[in-house]
Amino acid sequence: MIPLRLRLHNFMAYREMDPPLDFEGIHVACLAGPNGAGKSALLDAMTWALWGQARARSDDDLVSLGQFEMEVEFEFALGDEHYRILRKRTRPGVRKTGQSLLELQVAGTGTLQRARTGDAPVFRPLTGNTLRETQRKIEVLLHLDYQTFINTALLLQGRADEFTLKAPGDRKRVLGEVLGLSRYDAYEDRAKDEARRREAAITALGGEIAALEGQAAELQDIEIELRALETLRLESTQAVARQELLVKALEEAMRSFVEKRNRFDEAAARTGQIEGDLAGAAERESALSRRLSEFRRILERTSHIEAAAAHYRELEAQDRQMNGALQQLLRLRQELSVVERRLDEARAKLQTQERDLQQEINHLSELTGAQPVLERQQRQAEADLAGLASEQPGVELLRAQIDGMAQQMGALRHQNETILQQGKELRSKVEQLGKPGATGTCPLCGTELGPDGHDRIMQEYRMELERQRERYRTDERRLKELQGKSAETASSMRDAEARLGNQRASAQTALQLAAQGLDLARQAAAAVPIAQERLSEVQTRLSAGDYAPEDRRRNRELTSAIEALGYREVDHASLQRQLAELAAAAGEAQKLEDIDALKIS
């Protein structure tokens, strides 16, 4: 994988990266800068785009402070293909949950070459149906997951021993993925499957060979049995011919028996039919006798039955009228239920708006209430930065002391070099004076010395050499003292610079956070009156019932129509009980009509 371009939006310290960071033509890169400048954030952006993971505990921690969404667009080359990954994250808000988006795209054929020559690439989507499916496609494409990447290609800050701390099984898995050892496992499985298949084939062939050998041994016995069966077949043929003659005689006798049995069955059936007719006539005679007795009893109660039947018909008419009213009532109640449900939905919608606005006002009020604390934090951060600026001269003083000691050490080294050179010259003079025959004339200047002069000069030279050695040793001791003091001062200066740098970064971060918080607090303070005005409007509408006017009007109309029907379920139930009680009289009235019809006929 070769990075090509990286574009960030609200990712950690990078609010907007325009134009994108272009890696074309870069083979080795060094990212340098102070702590907090955003060096590691670039690598975090790449790993988050590819695997959705970075050093942060959650994706929401990667969103720039005070922002609600972020986006990373990463283009890279893999083989001859040009890919682009777009990953987005939206923080959860007051009325919505956090959302993540992941898209995988590949440029068209030859687009990588055209992009290198300056043409804009044209991408087509490879995104899966779900975020997890798309992530799986990316890992299959890279042949690498996040854990393998941070254990092989990237050493995270403070986690250089990530690989050595893993369990043996995890280290084996990482090495297997890096070296592609999984294909050898696949080869091993395929080889084992092929060995098992061939062993099964050998076993099956062995069984077939054994079966064929057994069949060959039985072949001779089969031939002997075949000859015996042939003889038996001839005997059976003769026996079959004799049996066929016997069967024909039996068939003729059976046909005669069947004809006689059929005639007997027909006679028995006619006898049963006649007996059934006689029994039915007796039953009908008994039924007619019972019906005649019933008719006589009904005729004796004619006037009572006719009065009850007339009352039954009146009640039936009232029941039909009340059933019609009931149907109309049910229709009106059904429509009223729909209207009331719509009214409930409209009221619930306003109540939801009221609740959401109240929550929004509470949230904005919390932000506004934090303004004095944020202002104190801002003033404290500014004071801390000013105090740190006053300490900077102390660091510069230490640097000046280091420079001064460096100059002193340079002068001492130069002085010792001069002493060494002068010592060499003195030793050379002493060596020349110490040669045989050098007691009368000075070999350096040609002056006549004499024995006393020679000894005196030799003594002076030796004393001068000793003085120079002492000066050299003194300078060396001083040089070591200065080196130690310079190292101590440099260490103190580095500690002071590191401390000031960390404190300055912390103060700047605190100042930035306080400034961003103050911006949010001021925006919240401006938004509170607007939200309160909207809340008051919603509460006024709720208290006054100012919603769904058409449904409220229809509700009143339906209620009036239901009251106008005057239908009472108790009256209807009483009427139906009376109808049930008079149902027997209605049946008797029908029987009276049947009796009249019989008289007429």
# chains A, B, ... in the order shown; residues from 1 in each chain; ligands from 1
>>> residues_around(residues="region 473-483 of chain A", least_positions_apart="2", cutoff="9 Å", atoms="only C-alpha atoms", output="PyMOL selection string")
chain A and resi 405-406+408-409+412-413+415-416+468-471+485-488
>>> write_last_selection(atoms="C-alpha atoms", output="CSV table (one decimal), in the first residue's frame")
chain,number,residue,atom,x,y,z
A,405,MET,CA,31.8,28.3,29.2
A,406,ALA,CA,32.2,27.0,25.7
A,408,GLN,CA,36.4,29.6,28.0
A,409,MET,CA,36.9,25.9,27.1
A,412,LEU,CA,41.8,26.7,27.3
A,413,ARG,CA,42.1,24.2,24.5
A,415,GLN,CA,46.2,27.7,25.2
A,416,ASN,CA,47.1,24.0,25.9
A,468,GLN,CA,54.5,24.8,31.2
A,469,ARG,CA,53.6,21.3,32.4
A,470,GLU,CA,52.1,22.8,35.5
A,471,ARG,CA,50.1,25.3,33.4
A,485,LYS,CA,29.6,22.6,34.9
A,486,SER,CA,28.6,23.1,31.2
A,487,ALA,CA,26.9,19.7,31.1
A,488,GLU,CA,25.1,20.4,34.4
>>> residues_around(residues="region 504-515 of chain A", least_positions_apart="5", cutoff="9 Å", atoms="only C-alpha atoms", output="compact mmCIF listing (two decimals) with C-alpha atoms, in the first residue's frame")
# COMPACT_ATOMS: atom_id res chain seq x y z
CA ASN A 35 4.59 18.44 21.06
CA GLY A 36 0.94 18.84 20.12
CA LEU A 65 -13.07 20.16 20.18
CA GLY A 66 -16.36 22.04 19.82
CA VAL A 373 -15.89 29.54 35.11
CA LEU A 374 -14.61 29.60 31.55
CA GLU A 375 -13.71 33.28 31.84
CA ARG A 376 -11.73 32.54 35.02
CA GLN A 377 -10.01 29.64 33.25
CA GLN A 378 -9.19 31.91 30.31
CA ARG A 379 -7.72 34.60 32.60
CA GLN A 380 -5.76 31.94 34.51
CA ALA A 381 -4.38 30.48 31.25
CA GLU A 382 -3.37 33.97 30.05
CA ASP A 384 0.09 31.30 33.25
CA LEU A 385 1.37 32.11 29.74
CA LEU A 388 5.99 31.42 31.65
CA ALA A 389 7.15 34.26 29.39
CA ARG A 499 9.13 22.16 31.68
CA LEU A 520 -20.32 28.04 22.81
>>> closest_residue(among="A:Val72, A:Ala580, A:Leu575, A:Leu226", to="Arg320 (chain A)", atoms="only C-alpha atoms")
A:Leu575
